[in-house]
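J.: There's a structure below that I have some questions on.
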Amino acid sequence: MKIKLLLAGLLLSALGVSAQTYQFDMTKSQPNYTDQAGYGYDVVAAPEKKDIKKAFFFSVKVPDGNYRVTVTLGSSKRAASTVVRAECRRLFLEECVTKKGKYQTFSFLVNKRSPYINNKERVLIKDREREYLHWDDRLTLEFNGSAPAVREIRVERDTIAPTVFLCGNSTVVDQAKEPWASWGQMIPRWFDDQVCFANFAESGLTASSFIAQKRLDKIMSMIKKGDYVLCEFGHNDQKEKGPGAGAYYNFSFALKKFIDMTRKAGATIIFVTPTQRRAWDTSKTKILETHSNYPEAMRAVAIREKVPVIELHDMTRTFFETLGYDNSTKALVHYPANTFPGQTTALADNTHFNQYGAYEVSKMVVMGMKKLQLPIVNNLRNDWKDYNPAQPDDWKTFHWALCPIYETIKPDGN
């Protein structure tokens with residue numbers, strides 16, 4: 001670590017200046033994280049030299065904003081295989097294999113946020129969110145894989161690259177714990193370090209409750225001209241009751257607020273129709289429509305207001321029907337008891353995706369972006385390959401390095 005750069009960054013932070021650079025030499029001893037130091041190993045115990053297979057976390061205390069993270073992976077003493085994620089299991093790099101004495105360097109953009117909007121307002125996060133890594137005062141990196149090794153970490157503020165703000169529910173959110181996952185935490189993996197994703201989704205939310213909890217206000221405090229706002233709602237909205245409830249009333253009215261506020265900020269609004277549930281007809285060959293008229297209401301608002309639409313509703317139907325009745329469980333949280341630590345009963349969730357399912361759905365969203373010819377698709381990584389939900393990746397060959405944080409309680413919403 002170059003201590004002068006760190007001290008300079010902390011001083012700028014204290015002065016409210018946003019141009020920080022932090023650099024850490026991970027071949028040297030680093031402390032455990034404390035607020036006083038503002039950096040260090042975090043979440044789980046620091047790795048020991050003898051345990052080369054253990055995942056570890058490293059955090060840096062930074063103000064809200066986007067940060068370019070550059071990591072040099074590898075070791076002078078051994079071969080390594082490293083996965084890099086950030087905040088709540090947000091995927092950036094899959095297994096990077098390096099030989100002894102060889103290194104690879106990668107850069108990517110991470111959005112960091114706190115609940116604070118200004119001196120008087122804050123996002124009304126749920127109690128369960130208070131322990132999430134994506135609502136605190138630090139940027140946290142997760143280094144995982146079969147033998148993770150990191151030589152250097154560099155973190156610097158970025159104020160130029162376009163940000164894609166994600167709004168939605170449990171099918172979009174950065175799920176904090178295994179084995180739950182959503183497409184919003186997988187999609188950064190497909191883009192280079194010129195595009196940043198900021199995932200503001202949360203389990204159980206409707207379009208109206210997202211606004212009521214001031215999440216859209218927080219986005220508006222960070223958004224700039226040229227950014228994007230992607231909205232996927234419909235799962236929980238259909239369960240709203242009371243005066244004005246309904247697809248063509250409160251739901252449509254809330255969507256119009258997203259449109260107006262986004263466009264006023266000079267950004268682009270995009271609708272994403274909701275993912276299908278694993279609900280089969282009696283023949284077990286066709287997916288039933290369980291979202292009532294909410295997807296159609298979203299399409300109607302989009303036509304009226306000239307909003308581009310990504311048809312995730314249709315693509316996930318094709319995906320499930322292609323996998324079939326039995327294998328479609330391989331994309332969702334369906335696991336026998338004792339598959340994960342602390343899981344004493346079987347999990348059989350037909351709404352929430354596992355890591356494989358979320359990974360596949362993220363590819364569908366990218367294909368939707370390509371169909372809309374969004375400029376950011378020019379920043380897809382070189383290893384991107386176009387995807388067809390009628391020809392999904394083989395679930396049997398999919399690999400995910402498990403994060404050492406688990407939860408058996410299903411996310412809010414259905």
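Chains: A, B, ... in order of the structure tokens. Residues: from 1 per chain. Ligands: from 1, in order shown.
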So which residues touch range 139-144 of chain A within 10 Å, counting only C-alpha atoms, skipping near sequence neighbours fewer than 3 positions away, as an MDAnalysis selection string?

T.: chainID A and resid 39:43 53:67 69 73 81:91 93:95 110:113 133:136 147:150 153 155 400:404

J.: With only C-alpha atoms as the counted atoms, please give the residues lying no more than 12 Å from range 319-321 of chain A, apart from itself and same-chain residues fewer than 3 positions off, as a ChimeraX atom specification.

T.: /A:275-281,283-288,312-316,324-332,350-351,353,357-358,360-361,363-364,387-394

J.: Could you please determine the separation between CA of Asn379 in chain A and CA of Val229 in chain A in Å, to one decimal place?

T.: 17.3 Å

J.: Would you work out the distance separating CA of Cys196 in chain A from CA of Val172 in chain A, expressed in Å to one decimal?

T.: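 Distance reported for this atom pair: 15.7 Å.
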
J.: What does the distance between CA of Asp174 in chain A and CA of Gly413 in chain A come to in Å, to one decimal place?

T.: 14.7 Å

J.: So that I can see what lies close to Trp190 in chain A, please list as a list of chain:residue names the residues with an atom at most 9 Å from it, counting only C-alpha atoms and leaving out residues fewer than 6 positions away in the same chain.

T.: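 My list of contacting residues is A:Phe92, A:Ser362, A:Lys363, A:Val366, A:Asn379, A:Leu380, A:Arg381, A:Asn382, A:Asp383, A:Trp384.
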
J.: Go ahead and dump the residues you just picked, N, CA and C atoms, as an mmCIF file, in the first residue's frame.

T.:
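File out04.cif, as written:
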data_model
loop_
_atom_site.group_PDB
_atom_site.id
_atom_site.type_symbol
_atom_site.label_atom_id
_atom_site.label_comp_id
_atom_site.auth_asym_id
_atom_site.auth_seq_id
_atom_site.Cartn_x
_atom_site.Cartn_y
_atom_site.Cartn_z
ATOM 1 N N PHE A 92 -18.138 -9.539 -11.016
ATOM 2 C CA PHE A 92 -17.338 -8.781 -11.979
ATOM 3 C C PHE A 92 -16.379 -9.668 -12.762
ATOM 4 N N SER A 362 -29.500 -12.604 -16.716
ATOM 5 C CA SER A 362 -28.694 -11.412 -17.008
ATOM 6 C C SER A 362 -28.332 -11.361 -18.485
ATOM 7 N N LYS A 363 -28.089 -12.517 -19.085
ATOM 8 C CA LYS A 363 -27.793 -12.561 -20.511
ATOM 9 C C LYS A 363 -29.008 -12.145 -21.334
ATOM 10 N N VAL A 366 -29.151 -8.396 -21.358
ATOM 11 C CA VAL A 366 -28.173 -7.862 -22.303
ATOM 12 C C VAL A 366 -28.694 -7.987 -23.734
ATOM 13 N N ASN A 379 -19.886 -1.490 -25.071
ATOM 14 C CA ASN A 379 -18.942 -1.738 -23.982
ATOM 15 C C ASN A 379 -19.063 -3.144 -23.407
ATOM 16 N N LEU A 380 -19.682 -4.041 -24.156
ATOM 17 C CA LEU A 380 -19.671 -5.444 -23.741
ATOM 18 C C LEU A 380 -18.242 -5.983 -23.812
ATOM 19 N N ARG A 381 -17.900 -6.875 -22.907
ATOM 20 C CA ARG A 381 -16.560 -7.436 -22.884
ATOM 21 C C ARG A 381 -16.307 -8.323 -24.106
ATOM 22 N N ASN A 382 -15.050 -8.533 -24.382
ATOM 23 C CA ASN A 382 -14.661 -9.288 -25.572
ATOM 24 C C ASN A 382 -15.149 -10.733 -25.554
ATOM 25 N N ASP A 383 -15.385 -11.286 -24.366
ATOM 26 C CA ASP A 383 -15.812 -12.681 -24.302
ATOM 27 C C ASP A 383 -17.332 -12.841 -24.337
ATOM 28 N N TRP A 384 -18.063 -11.737 -24.531
ATOM 29 C CA TRP A 384 -19.522 -11.838 -24.646
ATOM 30 C C TRP A 384 -19.905 -12.615 -25.896
#

J.: What's around range 200-208 of chain A at 6 Å? Count only C-alpha atoms, leave out sequence neighbours fewer than 4 positions away in its own chain, and write the answer as a ChimeraX atom specification.

T.: /A:166-170,172-173,236-237,254,411-413

J.: Limited to N, CA, C and O atoms, could you put the picked residues into a file as a PDB file, in the first residue's frame?

T.:
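Everything below was put into selection25.pdb:
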ATOM      1  N   LEU A 166     -30.701   0.315 -11.546  1.00  0.00           N
ATOM      2  CA  LEU A 166     -31.662  -0.770 -11.610  1.00  0.00           C
ATOM      3  C   LEU A 166     -32.719  -0.603 -10.518  1.00  0.00           C
ATOM      4  O   LEU A 166     -32.386  -0.427  -9.342  1.00  0.00           O
ATOM      5  N   CYS A 167     -33.975  -0.665 -10.916  1.00  0.00           N
ATOM      6  CA  CYS A 167     -35.101  -0.523  -9.998  1.00  0.00           C
ATOM      7  C   CYS A 167     -35.961  -1.777 -10.099  1.00  0.00           C
ATOM      8  O   CYS A 167     -36.272  -2.224 -11.209  1.00  0.00           O
ATOM      9  N   GLY A 168     -36.358  -2.339  -8.974  1.00  0.00           N
ATOM     10  CA  GLY A 168     -37.169  -3.542  -9.050  1.00  0.00           C
ATOM     11  C   GLY A 168     -37.297  -4.235  -7.716  1.00  0.00           C
ATOM     12  O   GLY A 168     -37.156  -3.626  -6.655  1.00  0.00           O
ATOM     13  N   ASN A 169     -37.522  -5.530  -7.793  1.00  0.00           N
ATOM     14  CA  ASN A 169     -37.839  -6.334  -6.617  1.00  0.00           C
ATOM     15  C   ASN A 169     -36.814  -7.449  -6.424  1.00  0.00           C
ATOM     16  O   ASN A 169     -35.658  -7.305  -6.810  1.00  0.00           O
ATOM     17  N   SER A 170     -37.251  -8.579  -5.847  1.00  0.00           N
ATOM     18  CA  SER A 170     -36.327  -9.657  -5.502  1.00  0.00           C
ATOM     19  C   SER A 170     -35.732 -10.373  -6.706  1.00  0.00           C
ATOM     20  O   SER A 170     -34.748 -11.103  -6.565  1.00  0.00           O
ATOM     21  N   VAL A 172     -34.427  -8.744  -9.131  1.00  0.00           N
ATOM     22  CA  VAL A 172     -33.436  -7.796  -9.642  1.00  0.00           C
ATOM     23  C   VAL A 172     -32.333  -7.514  -8.620  1.00  0.00           C
ATOM     24  O   VAL A 172     -31.170  -7.348  -8.972  1.00  0.00           O
ATOM     25  N   VAL A 173     -32.685  -7.472  -7.354  1.00  0.00           N
ATOM     26  CA  VAL A 173     -31.809  -7.015  -6.268  1.00  0.00           C
ATOM     27  C   VAL A 173     -30.489  -7.781  -6.194  1.00  0.00           C
ATOM     28  O   VAL A 173     -30.394  -8.934  -6.620  1.00  0.00           O
ATOM     29  N   ASN A 236     -44.871  -8.025  -7.256  1.00  0.00           N
ATOM     30  CA  ASN A 236     -45.535  -7.700  -5.997  1.00  0.00           C
ATOM     31  C   ASN A 236     -46.662  -6.693  -6.176  1.00  0.00           C
ATOM     32  O   ASN A 236     -47.569  -6.617  -5.339  1.00  0.00           O
ATOM     33  N   ASP A 237     -46.623  -5.913  -7.253  1.00  0.00           N
ATOM     34  CA  ASP A 237     -47.631  -4.881  -7.503  1.00  0.00           C
ATOM     35  C   ASP A 237     -49.024  -5.473  -7.594  1.00  0.00           C
ATOM     36  O   ASP A 237     -50.009  -4.848  -7.175  1.00  0.00           O
ATOM     37  N   ALA A 254     -47.465   5.052 -11.011  1.00  0.00           N
ATOM     38  CA  ALA A 254     -46.107   5.000 -10.468  1.00  0.00           C
ATOM     39  C   ALA A 254     -45.080   4.925 -11.598  1.00  0.00           C
ATOM     40  O   ALA A 254     -44.036   5.593 -11.554  1.00  0.00           O
ATOM     41  N   PRO A 411     -36.423 -14.484   0.324  1.00  0.00           N
ATOM     42  CA  PRO A 411     -36.577 -13.030   0.208  1.00  0.00           C
ATOM     43  C   PRO A 411     -38.043 -12.612   0.304  1.00  0.00           C
ATOM     44  O   PRO A 411     -38.956 -13.417   0.040  1.00  0.00           O
ATOM     45  N   ASP A 412     -38.282 -11.373   0.661  1.00  0.00           N
ATOM     46  CA  ASP A 412     -39.642 -10.831   0.681  1.00  0.00           C
ATOM     47  C   ASP A 412     -40.241 -10.909  -0.716  1.00  0.00           C
ATOM     48  O   ASP A 412     -39.530 -10.803  -1.729  1.00  0.00           O
ATOM     49  N   GLY A 413     -41.555 -11.008  -0.769  1.00  0.00           N
ATOM     50  CA  GLY A 413     -42.239 -10.994  -2.055  1.00  0.00           C
ATOM     51  C   GLY A 413     -42.320 -12.376  -2.659  1.00  0.00           C
ATOM     52  O   GLY A 413     -41.758 -13.345  -2.167  1.00  0.00           O
TER      53      GLY A 413
END

J.: Kindly indicate which residue among A:Pro115, A:Pro295, A:Pro274, A:Pro375 lies nearest to Tyr132 in chain A, using only C-alpha atoms for the distances.

T.: A:Pro115

J.: What residues in range 23-256 of chain A get the DSSP label helix (DSSP H, G or I)? Please answer as a count of residues only.

T.: 42

J.: With distances taken over only C-alpha atoms, which of A:Ile187, A:Val272, A:Ala267, A:Ile259 is nearest to Glu305 in chain A?

T.: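 Counting only C-alpha atoms, the residue closest to Glu305 in chain A is A:Ile259.
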
J.: Which of these residues is nearest to Met369 in chain A, using only C-alpha atoms: A:Asp260, A:Arg128, A:Ala346, A:Asp386?

T.: A:Asp386

J.: So which one's closest to Arg130 in chain A, A:Ser114, A:Ile310, A:Ala80, A:Asn354? Using only C-alpha atoms, please.

T.: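 Counting only C-alpha atoms, the residue closest to Arg130 in chain A is A:Ser114.
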